[in-house]
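Notes to accompany the following structure.
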Amino acid sequence: MDSYDDEFRRSVEHPQDFWAEQARRLPWFTFPDTILAYDEAGHARWYPDGELNLCHAALDHQVEQGRGDQPAIHWDSPVTHSKQTLSYRQLRDRVASFAGALRELGVAKGDRVVIYMPMIPEALVAMYACARLGAVHSVVFGGFAPHELAVRIEDAAPRVVVAASCGVEVDRVLPYQPIVDAAIEQSAHKPDACVIFQREQQPAELGPRDHDWAALVDRAEPAECVPVKATDPLYVLYTSGTTGKPKGVVRDTGGYGVALHYSMEAIYDVAPGDVFFSASDVGWVVGHSYIVYAPLLRGCTSVVYEGKPVRTPDAGAFWRLIEEYRVKSFFTAPTAFRAIKKEDPDGERLAEYDISSLKALFLAGERLDPPTFHWLDDLLEVPVIDHWWQTETGWPIAANLQGLEPMPTKAGSATVPVPGFDVRILDRDGAPVGPLEQGSVVIKQPMPPGCLIGVWGDPQRFHAAYMAAFPGYYLTGDGGYFDEDGYLFIMGRTDDVINVAGHRLSTGEMEEVVGAHPAVAECAVIGIHDALKGQLPVGLVIPKDGFDGREAELEAELIALVRERIGPVACFKQVLVVDRLPKTRSGKILRKLLRNIADGKEYGIPSTIDDPASLEEIHEAMKSRDLGAAQEARQV
Ligand code: COA
Ligand code: AMP
């Protein structure tokens, strides 16, 4: 591990020198004199007196470097039978025009713009246009319901909302504008304007607040890049926490740009001109970092895919894209491959394509379970790399660094901490634990560049959620361990966050929705294992007196309620009416115990991390006498 060891040591022992060197890879308007400072609350601020613009670094600068005619993005949309390639120059020009249009609507540096769009080039155009003006974008994933969009609009208080007229889910056209209208109706904050990109699959009828994207762009003067401070926010991305209110993760500009650029070399091993394909969505952090910003900051070509791993048209979709665009580095979530494996268990579709351009496959968003790892490892001739990260960090915390020093892979491990991330495992009292002992995974401060700099509008929550548990360390919320070789194993969340089909969701938020139903006396929502999606939420509900015999009706109502309030992405499709829930003496529901039941850690339900309890087993455990007996024993 020589080069890795050296580089890692330098990054944690001399972070300022290390990150000053990396910062030189970006085009700054003013190179920072100060590399690292701390704000009044003691949180790291990278490059505080540097000035740059990430739209400039990713587009204008690349054109100046001679990449004007190189494809910046290949958009591929089997769901609409469309494809489009945009060169760096074309994308820059579209972004400059749309930035001009936003400016005419009054958007200026520091203003927020909420973007609610599917995977179309215009989503990237809108994000880069915000960056160009120094405005702060907040992209909301299309699978969220109006209420979720409303919560984000209210919190971010955008001047403008940018949306498409519709999204397309396999063969269903989903009108977006009614969702946007309903969200604005529900939000106390009202944006000045909405810009709607009209898609031919379902154009929207524009209301008094709405502007047609094309008409605005037609008459707009292109806008130039506005220099911003490295510490100015580039975006706010909401993610699920343990309560009903999502957290607005605030990302800075300079630190993020430097970290992403470094990761493209050290982790993904891609050079300018290479093709990078991340099959995620612009609504998630992976989309922000590795569809939109990192590939272009590195002068690569990014594949923007509007489709699924299967059903668009079939389980060969990803292989076709890799062949067609000569993809060098491919990134997706394990759940996508579990979906492919289900339809094409022997990988027969792969044989139909030439994927010789591919040099490595990267997986993240959830733990790469060993069966999926082995399936892929047997199928492919390239390294299959699990790497671990979070919305908060913005880039990988642990990986097998292909550009620095590739290491042998181990099933179930995200390999080693990425330079800059001083990862430690602590026990409940904050004491370090030894190899193979599980504990809380934390990161010693300072966090490297690129990580969150706050929770939007809520410094106290930032401190309480991440910094308070173990002073001097950032709490990741994940549990795990190092093995004797220094490989890191991330075993799952230690809080009420669950991961459904690579999508991060809060069971606390679902509980709030379920608990608000007038017939529900008490409830808990837990994540249970699912062979395809990793986890699925299940609601355990005690109805109020007098509800006997109408359980099926209640279950259907609760499922509909969560879909209406949170959205289809919650995949909340299972409710169990139970007689009782485990509680403390003071009457608080023992959620941790419920999680343990679901993980098979309590009451002898036979399971391992890769084969946890089934819904039926949980149901039995919930109803059995053992639950009460074991709980009573614990309380003695
Ligand atoms: N807009 C509107 N609705 C959406 C949506 C979007 N952008 N994305 C998902 N939905 C809907 C789906 O249509 C589905 O609705 P349904 O209940 O009516 O069928 C529901 O939300 C659940 O979606 P999902 O869990 O994604 O299920 P799926 O069967 O459509 O697809 C996978 C399953 C595994 C193929 C898909 O989730 C996937 O590719 N996941 C990878 C996730 C990922 O890339 N994560 C980022 C980290 S790398
Ligand atoms: P998100 O913020 O949506 O990226 O989700 C972050 C969470 O997903 C992490 O805290 C982990 O619980 C989980 N996660 C992401 N990648 C991995 C991985 N490679 N291994 C294990 N868990 C992961």
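By order in the structure tokens, chains are A, B, ...; within a chain, residues start at 1; ligands start at 1, following the order shown.
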
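Residues of protein or nucleic acid lying within 7 Å of ligand 2, counting only C-alpha atoms and all ligand atoms, are A:Thr239, A:Trp284, A:Val285, A:Leu363, A:Ala364, A:Gly365, A:Glu366, A:Arg367, A:Leu368, A:Asp386, A:His387, A:Trp388, A:Trp389, A:Gln390, A:Thr391, A:Glu392, A:Ala414, A:Thr476, A:Gly477, A:Asp478, A:Ile490, A:Met491, A:Gly492, A:Arg493, A:Asn499, A:Gly502, A:His503, A:Arg504.
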
Using only N, CA and C atoms, please write the residues we just selected to a file, as a short mmCIF file (atom, residue, chain, number, x, y, z; two decimals), in the first residue's frame.
data_model
loop_
_atom_site.label_atom_id
_atom_site.label_comp_id
_atom_site.auth_asym_id
_atom_site.auth_seq_id
_atom_site.Cartn_x
_atom_site.Cartn_y
_atom_site.Cartn_z
N THR A 239 -31.82 15.92 2.31
CA THR A 239 -31.70 14.48 2.50
C THR A 239 -32.44 14.08 3.77
N TRP A 284 -30.22 13.18 -6.70
CA TRP A 284 -29.43 12.62 -5.60
C TRP A 284 -28.02 13.18 -5.64
N VAL A 285 -27.30 12.95 -4.55
CA VAL A 285 -25.95 13.50 -4.49
C VAL A 285 -25.05 12.89 -5.56
N LEU A 363 -19.72 0.94 -7.32
CA LEU A 363 -21.06 0.84 -6.75
C LEU A 363 -21.14 1.57 -5.43
N ALA A 364 -22.25 2.25 -5.21
CA ALA A 364 -22.46 2.95 -3.94
C ALA A 364 -23.94 3.26 -3.78
N GLY A 365 -24.27 3.86 -2.67
CA GLY A 365 -25.66 4.21 -2.38
C GLY A 365 -26.21 3.32 -1.31
N GLU A 366 -25.65 2.13 -1.19
CA GLU A 366 -26.00 1.15 -0.17
C GLU A 366 -24.84 0.16 -0.17
N ARG A 367 -24.81 -0.68 0.83
CA ARG A 367 -23.73 -1.67 0.90
C ARG A 367 -23.81 -2.62 -0.30
N LEU A 368 -22.66 -2.91 -0.89
CA LEU A 368 -22.63 -3.91 -1.97
C LEU A 368 -22.64 -5.28 -1.30
N ASP A 386 -16.74 -1.42 -4.53
CA ASP A 386 -17.72 -0.83 -3.62
C ASP A 386 -17.07 0.42 -3.03
N HIS A 387 -17.78 1.50 -2.96
CA HIS A 387 -17.24 2.66 -2.24
C HIS A 387 -18.36 3.35 -1.48
N TRP A 388 -17.97 3.91 -0.36
CA TRP A 388 -18.96 4.37 0.63
C TRP A 388 -18.96 5.89 0.75
N TRP A 389 -20.13 6.44 0.66
CA TRP A 389 -20.23 7.89 0.90
C TRP A 389 -21.65 8.28 1.23
N GLN A 390 -21.85 9.57 1.42
CA GLN A 390 -23.14 10.09 1.87
C GLN A 390 -23.41 11.44 1.20
N THR A 391 -24.67 11.82 1.20
CA THR A 391 -25.03 13.14 0.70
C THR A 391 -24.17 14.20 1.39
N GLU A 392 -23.97 14.01 2.68
CA GLU A 392 -23.25 15.02 3.46
C GLU A 392 -21.81 15.19 2.98
N ALA A 414 -15.83 -1.61 1.76
CA ALA A 414 -15.68 -0.43 0.88
C ALA A 414 -14.19 -0.08 0.77
N THR A 476 -21.03 9.82 11.24
CA THR A 476 -21.57 9.46 9.93
C THR A 476 -22.98 8.87 10.03
N GLY A 477 -23.33 8.30 11.20
CA GLY A 477 -24.63 7.63 11.31
C GLY A 477 -24.56 6.18 10.86
N ASP A 478 -23.39 5.76 10.41
CA ASP A 478 -23.21 4.36 9.99
C ASP A 478 -22.41 3.61 11.05
N ILE A 490 -18.69 -1.24 6.16
CA ILE A 490 -19.82 -0.43 6.62
C ILE A 490 -21.03 -1.35 6.69
N MET A 491 -21.61 -1.48 7.87
CA MET A 491 -22.64 -2.51 8.07
C MET A 491 -24.07 -1.98 8.09
N GLY A 492 -24.25 -0.68 8.13
CA GLY A 492 -25.63 -0.16 8.11
C GLY A 492 -25.79 1.01 9.05
N ARG A 493 -26.93 1.67 8.94
CA ARG A 493 -27.19 2.87 9.73
C ARG A 493 -27.44 2.51 11.19
N ASN A 499 -32.49 2.63 3.54
CA ASN A 499 -32.02 2.77 2.18
C ASN A 499 -32.83 1.84 1.28
N GLY A 502 -31.45 2.08 -3.14
CA GLY A 502 -30.41 3.11 -3.26
C GLY A 502 -30.92 4.50 -2.95
N HIS A 503 -32.15 4.61 -2.47
CA HIS A 503 -32.72 5.91 -2.12
C HIS A 503 -32.79 6.05 -0.61
N ARG A 504 -32.30 7.14 -0.09
CA ARG A 504 -32.25 7.33 1.36
C ARG A 504 -33.57 7.89 1.87
#

For chain A against ligand 1, with a cut-off of 9 Å and counting only C-alpha atoms and all ligand atoms, what is the closest atom pair and its distance in Å to one decimal for every residue that makes the cut, ordered by chain and number, as a tab-separated table?
residue	atom	partner	partner_atom_place_in_ligand_line	distance
A:Met117	CA	ligand 1	7 (N)	8.3
A:Pro118	CA	ligand 1	7 (N)	6.1
A:Met119	CA	ligand 1	7 (N)	8.0
A:Phe141	CA	ligand 1	7 (N)	6.0
A:Gly142	CA	ligand 1	1 (N)	3.9
A:Gly143	CA	ligand 1	2 (C)	3.6
A:Phe144	CA	ligand 1	2 (C)	7.0
A:Ala145	CA	ligand 1	2 (C)	8.7
A:Gly167	CA	ligand 1	1 (N)	6.3
A:Val168	CA	ligand 1	1 (N)	7.3
A:Glu169	CA	ligand 1	13 (O)	5.5
A:Val170	CA	ligand 1	13 (O)	7.7
A:Arg172	CA	ligand 1	13 (O)	8.2
A:Leu174	CA	ligand 1	2 (C)	6.8
A:Tyr176	CA	ligand 1	2 (C)	8.8
A:Ser278	CA	ligand 1	48 (S)	7.6
A:Ala279	CA	ligand 1	44 (O)	5.6
A:Ser280	CA	ligand 1	44 (O)	3.6
A:Asp281	CA	ligand 1	44 (O)	6.2
A:Gly283	CA	ligand 1	7 (N)	8.1
A:Trp284	CA	ligand 1	46 (C)	6.1
A:Val285	CA	ligand 1	47 (C)	7.5
A:Val286	CA	ligand 1	48 (S)	5.6
A:Gly287	CA	ligand 1	46 (C)	7.4
A:Gly307	CA	ligand 1	39 (O)	8.3
A:Lys308	CA	ligand 1	39 (O)	5.4
A:Pro309	CA	ligand 1	35 (C)	5.6
A:Val310	CA	ligand 1	35 (C)	6.4
A:Arg311	CA	ligand 1	35 (C)	8.6
A:Phe331	CA	ligand 1	48 (S)	7.1
A:Thr332	CA	ligand 1	48 (S)	4.7
A:Ala333	CA	ligand 1	48 (S)	4.3
A:Pro334	CA	ligand 1	41 (C)	7.4
A:Thr335	CA	ligand 1	34 (C)	4.8
A:Ala336	CA	ligand 1	34 (C)	4.4
A:Phe337	CA	ligand 1	34 (C)	7.6
A:Arg338	CA	ligand 1	34 (C)	7.2
A:Ala339	CA	ligand 1	34 (C)	5.6
A:Ile340	CA	ligand 1	35 (C)	8.0
A:Leu363	CA	ligand 1	48 (S)	7.0
A:Ala364	CA	ligand 1	48 (S)	5.4
A:Gly365	CA	ligand 1	47 (C)	4.3
A:Glu366	CA	ligand 1	47 (C)	7.7
A:Val500	CA	ligand 1	25 (O)	6.6
A:Ala501	CA	ligand 1	37 (O)	4.6
A:Gly502	CA	ligand 1	45 (N)	4.3
A:His503	CA	ligand 1	45 (N)	5.5
A:Arg504	CA	ligand 1	45 (N)	8.6
A:Leu532	CA	ligand 1	34 (C)	6.9
A:Lys533	CA	ligand 1	34 (C)	6.0
A:Arg563	CA	ligand 1	17 (O)	8.4
A:Gly567	CA	ligand 1	21 (O)	7.1
A:Pro568	CA	ligand 1	21 (O)	4.0
A:Val569	CA	ligand 1	21 (O)	3.8
A:Ala570	CA	ligand 1	22 (C)	6.7
A:Cys571	CA	ligand 1	22 (C)	5.4
A:Phe572	CA	ligand 1	17 (O)	8.6
A:Lys573	CA	ligand 1	17 (O)	8.6

Expected file: the selected residues, C-alpha atoms, as a PDB file, in the first residue's frame:
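New file part_17.pdb:
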ATOM      1  CA  MET A 117     -36.729  17.945 -13.399  1.00  0.00           C
ATOM      2  CA  PRO A 118     -36.227  14.478 -14.833  1.00  0.00           C
ATOM      3  CA  MET A 119     -32.997  13.260 -16.420  1.00  0.00           C
ATOM      4  CA  PHE A 141     -35.961  14.210  -7.005  1.00  0.00           C
ATOM      5  CA  GLY A 142     -38.971  13.599  -9.273  1.00  0.00           C
ATOM      6  CA  GLY A 143     -40.281  10.656  -7.229  1.00  0.00           C
ATOM      7  CA  PHE A 144     -41.247  12.924  -4.318  1.00  0.00           C
ATOM      8  CA  ALA A 145     -44.833  14.017  -3.797  1.00  0.00           C
ATOM      9  CA  GLY A 167     -41.264  12.981 -16.473  1.00  0.00           C
ATOM     10  CA  VAL A 168     -41.406   9.555 -18.071  1.00  0.00           C
ATOM     11  CA  GLU A 169     -41.252   6.409 -15.928  1.00  0.00           C
ATOM     12  CA  VAL A 170     -40.695   3.441 -18.254  1.00  0.00           C
ATOM     13  CA  ARG A 172     -45.910   6.156 -17.967  1.00  0.00           C
ATOM     14  CA  LEU A 174     -46.016  11.766 -15.222  1.00  0.00           C
ATOM     15  CA  TYR A 176     -44.884  17.490 -13.219  1.00  0.00           C
ATOM     16  CA  SER A 278     -23.124   7.392 -13.563  1.00  0.00           C
ATOM     17  CA  ALA A 279     -26.586   5.833 -13.660  1.00  0.00           C
ATOM     18  CA  SER A 280     -28.136   7.846 -10.904  1.00  0.00           C
ATOM     19  CA  ASP A 281     -30.446  10.866 -10.974  1.00  0.00           C
ATOM     20  CA  GLY A 283     -31.998  14.554  -7.669  1.00  0.00           C
ATOM     21  CA  TRP A 284     -29.434  12.622  -5.602  1.00  0.00           C
ATOM     22  CA  VAL A 285     -25.949  13.502  -4.487  1.00  0.00           C
ATOM     23  CA  VAL A 286     -24.397  10.977  -6.878  1.00  0.00           C
ATOM     24  CA  GLY A 287     -26.093  12.823  -9.705  1.00  0.00           C
ATOM     25  CA  GLY A 307     -34.189   5.135 -18.140  1.00  0.00           C
ATOM     26  CA  LYS A 308     -33.987   2.178 -15.801  1.00  0.00           C
ATOM     27  CA  PRO A 309     -31.484  -0.666 -15.644  1.00  0.00           C
ATOM     28  CA  VAL A 310     -34.267  -3.004 -16.773  1.00  0.00           C
ATOM     29  CA  ARG A 311     -37.477  -2.584 -18.757  1.00  0.00           C
ATOM     30  CA  PHE A 331     -21.080   3.925 -11.479  1.00  0.00           C
ATOM     31  CA  THR A 332     -24.454   2.798 -10.142  1.00  0.00           C
ATOM     32  CA  ALA A 333     -26.195   1.381  -7.074  1.00  0.00           C
ATOM     33  CA  PRO A 334     -26.104  -2.364  -6.223  1.00  0.00           C
ATOM     34  CA  THR A 335     -29.913  -2.488  -6.353  1.00  0.00           C
ATOM     35  CA  ALA A 336     -29.743  -1.747 -10.079  1.00  0.00           C
ATOM     36  CA  PHE A 337     -27.643  -4.867 -10.592  1.00  0.00           C
ATOM     37  CA  ARG A 338     -29.914  -6.934  -8.390  1.00  0.00           C
ATOM     38  CA  ALA A 339     -32.724  -5.904 -10.750  1.00  0.00           C
ATOM     39  CA  ILE A 340     -30.612  -6.920 -13.761  1.00  0.00           C
ATOM     40  CA  LEU A 363     -21.061   0.838  -6.751  1.00  0.00           C
ATOM     41  CA  ALA A 364     -22.462   2.948  -3.938  1.00  0.00           C
ATOM     42  CA  GLY A 365     -25.657   4.213  -2.384  1.00  0.00           C
ATOM     43  CA  GLU A 366     -25.999   1.148  -0.172  1.00  0.00           C
ATOM     44  CA  VAL A 500     -34.634   1.643  -0.337  1.00  0.00           C
ATOM     45  CA  ALA A 501     -33.427   0.868  -3.868  1.00  0.00           C
ATOM     46  CA  GLY A 502     -30.413   3.109  -3.262  1.00  0.00           C
ATOM     47  CA  HIS A 503     -32.719   5.913  -2.120  1.00  0.00           C
ATOM     48  CA  ARG A 504     -32.248   7.325   1.358  1.00  0.00           C
ATOM     49  CA  LEU A 532     -34.192  -6.506  -4.692  1.00  0.00           C
ATOM     50  CA  LYS A 533     -34.335  -3.093  -3.059  1.00  0.00           C
ATOM     51  CA  ARG A 563     -47.638   7.697  -1.199  1.00  0.00           C
ATOM     52  CA  GLY A 567     -44.260   9.965  -2.838  1.00  0.00           C
ATOM     53  CA  PRO A 568     -43.944   6.685  -4.728  1.00  0.00           C
ATOM     54  CA  VAL A 569     -40.206   6.630  -4.025  1.00  0.00           C
ATOM     55  CA  ALA A 570     -40.971   5.701  -0.390  1.00  0.00           C
ATOM     56  CA  CYS A 571     -42.120   2.221  -1.568  1.00  0.00           C
ATOM     57  CA  PHE A 572     -44.337   2.058   1.517  1.00  0.00           C
ATOM     58  CA  LYS A 573     -46.500  -0.929   0.654  1.00  0.00           C
TER      59      LYS A 573
END

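Minimum distance to Thr301 of chain A across A:Glu511, A:Asp369, A:Asp69, A:Asp429 (counting only C-alpha atoms) occurs at A:Asp69.
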
Quiz item: Quick one: residues within 12 Å of segment 179-189 of chain A, only C-alpha atoms counted, chain neighbours fewer than 3 positions away excluded, as a PyMOL selection string?
Solution: chain A and resi 114-117+140+142-167+174-176+192-196+204-210+564-567

Just the selected residues (C-alpha atoms), exported as a PDB file, in the first residue's frame, please.
ATOM      1  CA  VAL A 114     -35.487  24.952  -6.827  1.00  0.00           C
ATOM      2  CA  ILE A 115     -35.175  22.545  -9.761  1.00  0.00           C
ATOM      3  CA  TYR A 116     -37.701  19.720 -10.218  1.00  0.00           C
ATOM      4  CA  MET A 117     -36.729  17.945 -13.399  1.00  0.00           C
ATOM      5  CA  VAL A 140     -35.625  17.822  -5.823  1.00  0.00           C
ATOM      6  CA  GLY A 142     -38.971  13.599  -9.273  1.00  0.00           C
ATOM      7  CA  GLY A 143     -40.281  10.656  -7.229  1.00  0.00           C
ATOM      8  CA  PHE A 144     -41.247  12.924  -4.318  1.00  0.00           C
ATOM      9  CA  ALA A 145     -44.833  14.017  -3.797  1.00  0.00           C
ATOM     10  CA  PRO A 146     -46.058  17.658  -3.727  1.00  0.00           C
ATOM     11  CA  HIS A 147     -45.819  17.801   0.053  1.00  0.00           C
ATOM     12  CA  GLU A 148     -42.114  16.924  -0.001  1.00  0.00           C
ATOM     13  CA  LEU A 149     -41.491  19.491  -2.708  1.00  0.00           C
ATOM     14  CA  ALA A 150     -43.456  22.021  -0.654  1.00  0.00           C
ATOM     15  CA  VAL A 151     -41.329  21.398   2.437  1.00  0.00           C
ATOM     16  CA  ARG A 152     -38.199  22.050   0.388  1.00  0.00           C
ATOM     17  CA  ILE A 153     -39.616  25.156  -1.284  1.00  0.00           C
ATOM     18  CA  GLU A 154     -40.616  26.532   2.072  1.00  0.00           C
ATOM     19  CA  ASP A 155     -37.206  25.871   3.597  1.00  0.00           C
ATOM     20  CA  ALA A 156     -35.039  27.051   0.700  1.00  0.00           C
ATOM     21  CA  ALA A 157     -37.294  30.030  -0.152  1.00  0.00           C
ATOM     22  CA  PRO A 158     -36.365  30.103  -3.857  1.00  0.00           C
ATOM     23  CA  ARG A 159     -36.893  33.122  -6.067  1.00  0.00           C
ATOM     24  CA  VAL A 160     -37.657  30.822  -9.003  1.00  0.00           C
ATOM     25  CA  VAL A 161     -38.714  27.197  -9.480  1.00  0.00           C
ATOM     26  CA  VAL A 162     -37.559  25.454 -12.662  1.00  0.00           C
ATOM     27  CA  ALA A 163     -39.463  22.350 -13.770  1.00  0.00           C
ATOM     28  CA  ALA A 164     -40.175  20.210 -16.800  1.00  0.00           C
ATOM     29  CA  SER A 165     -43.737  19.678 -17.958  1.00  0.00           C
ATOM     30  CA  CYS A 166     -43.430  15.939 -17.307  1.00  0.00           C
ATOM     31  CA  GLY A 167     -41.264  12.981 -16.473  1.00  0.00           C
ATOM     32  CA  LEU A 174     -46.016  11.766 -15.222  1.00  0.00           C
ATOM     33  CA  PRO A 175     -47.143  15.389 -15.459  1.00  0.00           C
ATOM     34  CA  TYR A 176     -44.884  17.490 -13.219  1.00  0.00           C
ATOM     35  CA  ASP A 192     -41.711  34.918  -7.944  1.00  0.00           C
ATOM     36  CA  ALA A 193     -41.816  32.723 -11.019  1.00  0.00           C
ATOM     37  CA  CYS A 194     -41.763  29.191 -12.425  1.00  0.00           C
ATOM     38  CA  VAL A 195     -39.954  28.263 -15.594  1.00  0.00           C
ATOM     39  CA  ILE A 196     -41.413  25.240 -17.370  1.00  0.00           C
ATOM     40  CA  ALA A 204     -48.169  21.889 -19.565  1.00  0.00           C
ATOM     41  CA  GLU A 205     -50.774  24.606 -19.599  1.00  0.00           C
ATOM     42  CA  LEU A 206     -48.974  27.632 -18.263  1.00  0.00           C
ATOM     43  CA  GLY A 207     -50.506  29.642 -15.438  1.00  0.00           C
ATOM     44  CA  PRO A 208     -49.961  33.299 -14.470  1.00  0.00           C
ATOM     45  CA  ARG A 209     -46.739  32.530 -12.548  1.00  0.00           C
ATOM     46  CA  ASP A 210     -45.288  30.313 -15.278  1.00  0.00           C
ATOM     47  CA  GLU A 564     -49.590  10.943  -1.307  1.00  0.00           C
ATOM     48  CA  ARG A 565     -47.470  12.736   1.315  1.00  0.00           C
ATOM     49  CA  ILE A 566     -43.958  11.439   0.634  1.00  0.00           C
ATOM     50  CA  GLY A 567     -44.260   9.965  -2.838  1.00  0.00           C
TER      51      GLY A 567
END

Show me, as a tab-separated table, the residues of segment 207-311 of chain A having an atom within 9 Å of segment 70-74 of chain A, each with the closest atom pair and its distance in Å, using only C-alpha atoms.
residue	atom	partner	partner_atom	distance
A:Gly273	CA	A:Gln70	CA	7.6
A:Pro295	CA	A:Ala72	CA	8.5
A:Leu296	CA	A:Ala72	CA	6.7
A:Gly299	CA	A:Ala72	CA	7.8
A:Cys300	CA	A:Ala72	CA	6.9
A:Thr301	CA	A:Ala72	CA	4.7
A:Ser302	CA	A:Ile73	CA	4.7
A:Val303	CA	A:His74	CA	4.8
A:Val304	CA	A:His74	CA	6.0
A:Tyr305	CA	A:His74	CA	8.2

(Q) Which of segment 13-52 of chain A end up as alpha helix (DSSP H) when DSSP is run on this backbone - answer as a PyMOL selection string? (A) chain A and resi 13+15-23

As a short mmCIF file (atom, residue, chain, number, x, y, z; two decimals) with N, CA, C and O atoms, in the first residue's frame, please: the residues near segment 534-542 of chain A (cut-off 6 Å, only C-alpha atoms, same-chain neighbours under 4 positions excluded).
data_model
loop_
_atom_site.label_atom_id
_atom_site.label_comp_id
_atom_site.auth_asym_id
_atom_site.auth_seq_id
_atom_site.Cartn_x
_atom_site.Cartn_y
_atom_site.Cartn_z
N ASN A 499 -32.49 2.63 3.54
CA ASN A 499 -32.02 2.77 2.18
C ASN A 499 -32.83 1.84 1.28
O ASN A 499 -32.69 0.63 1.35
N VAL A 500 -33.71 2.43 0.48
CA VAL A 500 -34.63 1.64 -0.34
C VAL A 500 -34.27 1.84 -1.81
O VAL A 500 -34.36 2.95 -2.32
N ALA A 521 -53.52 4.56 16.83
CA ALA A 521 -53.18 4.90 18.22
C ALA A 521 -51.67 5.03 18.37
O ALA A 521 -51.16 5.99 18.92
N GLU A 522 -50.96 4.02 17.85
CA GLU A 522 -49.50 4.04 17.95
C GLU A 522 -48.92 3.39 16.71
O GLU A 522 -49.56 2.52 16.10
N CYS A 523 -47.71 3.78 16.38
CA CYS A 523 -47.11 3.14 15.20
C CYS A 523 -45.59 3.23 15.25
O CYS A 523 -45.02 4.06 15.97
N ALA A 524 -44.98 2.38 14.49
CA ALA A 524 -43.54 2.46 14.26
C ALA A 524 -43.31 2.01 12.83
O ALA A 524 -44.04 1.17 12.30
N VAL A 525 -42.33 2.62 12.18
CA VAL A 525 -41.97 2.18 10.83
C VAL A 525 -40.52 1.70 10.88
O VAL A 525 -39.65 2.41 11.41
N ILE A 526 -40.28 0.51 10.39
CA ILE A 526 -38.90 0.00 10.37
C ILE A 526 -38.55 -0.46 8.95
O ILE A 526 -39.44 -0.68 8.13
N GLY A 527 -37.27 -0.59 8.70
CA GLY A 527 -36.83 -1.10 7.40
C GLY A 527 -36.58 -2.59 7.52
O GLY A 527 -35.94 -3.03 8.47
N ILE A 528 -37.10 -3.36 6.59
CA ILE A 528 -36.80 -4.79 6.60
C ILE A 528 -36.09 -5.17 5.31
O ILE A 528 -36.20 -4.46 4.30
N HIS A 529 -35.40 -6.26 5.37
CA HIS A 529 -34.60 -6.68 4.22
C HIS A 529 -35.48 -7.00 3.01
O HIS A 529 -36.54 -7.60 3.14
N ASP A 530 -35.01 -6.60 1.84
CA ASP A 530 -35.69 -6.98 0.60
C ASP A 530 -34.62 -7.39 -0.41
O ASP A 530 -33.61 -6.69 -0.58
N PHE A 572 -43.66 2.48 0.28
CA PHE A 572 -44.34 2.06 1.52
C PHE A 572 -45.56 1.25 1.12
O PHE A 572 -46.59 1.80 0.76
N GLN A 574 -46.33 -1.96 2.86
CA GLN A 574 -46.66 -3.02 3.81
C GLN A 574 -46.98 -2.44 5.18
O GLN A 574 -46.18 -1.70 5.75
N VAL A 575 -48.16 -2.80 5.68
CA VAL A 575 -48.57 -2.36 7.01
C VAL A 575 -49.02 -3.61 7.78
O VAL A 575 -49.74 -4.44 7.23
N LEU A 576 -48.59 -3.74 9.00
CA LEU A 576 -49.06 -4.84 9.85
C LEU A 576 -49.80 -4.25 11.03
O LEU A 576 -49.25 -3.40 11.74
N VAL A 577 -51.03 -4.66 11.21
CA VAL A 577 -51.75 -4.25 12.41
C VAL A 577 -51.33 -5.21 13.52
O VAL A 577 -51.44 -6.43 13.36
N VAL A 578 -50.77 -4.68 14.60
CA VAL A 578 -50.26 -5.53 15.68
C VAL A 578 -50.98 -5.20 16.99
O VAL A 578 -51.60 -4.15 17.12
#

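Nearest residue to Val520 of chain A, choosing from A:Gly439, A:Leu505, A:His14, A:Glu555 and counting only C-alpha atoms: A:Glu555.
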
Of A:Asp427, A:Asp39, A:Asp495, A:Glu437, the one sitting nearest Ala465 of chain A when using only C-alpha atoms is A:Asp495

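Minimum distance to Arg424 of chain A across A:Pro178, A:Gly486, A:Pro272, A:Gly457 (counting only C-alpha atoms) occurs at A:Gly486.
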
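Rounded to one decimal, atom CA of Ile425 of chain A and atom CA of Gly255 of chain A lie 25.4 Å from each other.
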
Please provide as a tab-separated table (two decimals) with C-alpha atoms, in the first residue's frame all residues within 6 Å of Pro222 of chain A, with the sequence filter that same-chain residues fewer than 6 positions apart are discarded (counting only C-alpha atoms).
chain	number	residue	atom	x	y	z
A	96	ALA	CA	-25.14	31.08	-20.63
A	97	SER	CA	-28.49	31.76	-22.34
A	100	GLY	CA	-29.41	35.16	-18.82

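Between atom CA of Gly254 of chain A and atom CA of Thr242 of chain A the separation is 29.3 Å.
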
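All residues of segment 123-158 of chain A that DSSP, run on the backbone, classes as strand (DSSP E or B) are Val136, His137, Ser138 and Val139 of chain A.
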
- Task: For Asp111 of chain A, work out the shell of residues within 12 Å, counting only C-alpha atoms and skipping chain neighbours fewer than 2 positions away, then give it as a PyMOL selection string.
- Result: chain A and resi 102-103+105-109+113-114+130-131+133-138+156-161+191-192+232-236
